[in-house]
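Presented below is the structure to which this report refers.
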Amino acid sequence: DAGVIQSPRHEVTEMGQEVTLRCKPISGHDYLFWYRQTMMRGLELLIYFNNNVPIDDSGMPEDRFSAKMPNASFSTLKIQPSEPRDSAVYFCASSTNSGSNTGELFFGEGSRLTVL
Amino acid sequence: DQQVKQNSPSLSVQEGRISILNCDYTNSMFDYFLWYKKYPAEGPTFLISISSIKDKNEDGRFTVFLNKSAKHLSLHIVPSQPGDSAVYFCAACLSGNTGKLIFGQGTTLQVKP
């Protein structure tokens, strides 16, 4: 089975440009998460969805960040306008609450964003 | 404000020896804890977990210990192997909301042959 699929894997853009990161969760998973990895703070939760509905977006750093999940198989994280301090690796993860409910998340390979 | 902290950014051990990775948390409401492992250019993968009703959970070479009074947990790897070289993230959550994991900063483990 395919895991969580993220695109693009790498993105280099200039300050002020719009960036859109994409994620396809594992089929059947009802939770989707967006995390950001930085050296200083490790993995920070930005936002998560349950059944396509945003549940907690308290980690979204600013209004420049927005996330959508129009259906169960697709989500986007958008940064507009982008700034150099947004440079990081952005991970998407999915999980299901069925079964043992261990909290195990399945991560994609990440999108490395560089804003010049 | 970091609710989950891994104060050692890196650790280097010799192959065959024990690796001990530490993690502290501040929120006493957390009652479920997990460790994830991450190789370069890959996403983190689940390694082992422990519920707050236990103080130890073992899976092969990996053992997680939980000290609730100290709000501290540790991951022991024994014997360490070069393939264990990776970044290890500690994570915590509320069992009623295991969808929301709070991660630490990560510790880079290097196991030398």
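Residue numbering restarts at 1 for every chain of the structure tokens, chains are lettered A, B, ... in their displayed order, and ligands are numbered from 1 as they appear.
Around Leu34 (chain B), within 9 Å and counting only C-alpha atoms, the residues found are Thr102, Gly103 and Glu104 of chain A; Phe46, Leu47, Ile48, Ser49, Ile50, Ser51, Val64, Phe89, Cys90, Ala91, Ala92, Cys93 and Leu101 of chain B, once anything fewer than 4 positions away on its own chain is removed.
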As a PyMOL selection string, please: the residues near Met40 (chain A) (cut-off 12 Å, only C-alpha atoms, same-chain neighbours under 5 positions excluded). (chain A and resi 88) or (chain B and resi 1-2+5-7+9+104-107)
Residues of chain A that approach chain B to 8 Å or less, counting only C-alpha atoms: could you list each one with the shortest pair of atoms and its distance in Å to one decimal, rows by chain and increasing residue number, as CSV?
```
residue,atom,partner,partner_atom,distance
A:Tyr31,CA,B:Gly99,CA,7.0
A:Met39,CA,B:Gln105,CA,7.1
A:Met40,CA,B:Gln105,CA,6.7
A:Arg41,CA,B:Gln105,CA,5.1
A:Gly42,CA,B:Gln105,CA,3.6
A:Leu43,CA,B:Phe103,CA,5.6
A:Glu44,CA,B:Phe103,CA,6.8
A:Leu45,CA,B:Ile102,CA,7.1
A:Tyr48,CA,B:Lys100,CA,7.8
A:Phe91,CA,B:Gly43,CA,7.2
A:Ser95,CA,B:Gly99,CA,7.4
A:Asn97,CA,B:Gly99,CA,7.6
A:Asn101,CA,B:Thr98,CA,7.0
A:Thr102,CA,B:Thr98,CA,6.8
A:Gly103,CA,B:Thr98,CA,4.5
A:Glu104,CA,B:Phe46,CA,6.3
A:Leu105,CA,B:Phe46,CA,7.1
A:Phe106,CA,B:Thr45,CA,6.7
A:Phe107,CA,B:Gly43,CA,5.2
A:Gly108,CA,B:Gly43,CA,5.3
A:Glu109,CA,B:Gly43,CA,4.3
A:Gly110,CA,B:Gly43,CA,6.2
```
re CA of Pro54 (chain A) and CA of Thr13 (chain A): distance 27.3 Å
Name all residues at most 7 Å from Val19 (chain A) (count only C-alpha atoms; drop same-chain ones fewer than 5 positions away) and give them as a ChimeraX atom specification. /A:78-80,82
Spatial neighbours of Pro82 (chain B), max dist 6 Å, only C-alpha atoms, sep filter under 2 positions, as a ChimeraX atom specification: /B:84-85,111
Restricting to only C-alpha atoms, whichever of A:Ser73, A:Arg36, A:Tyr90, A:Pro81 is closest to Lys24 (chain A) is A:Ser73
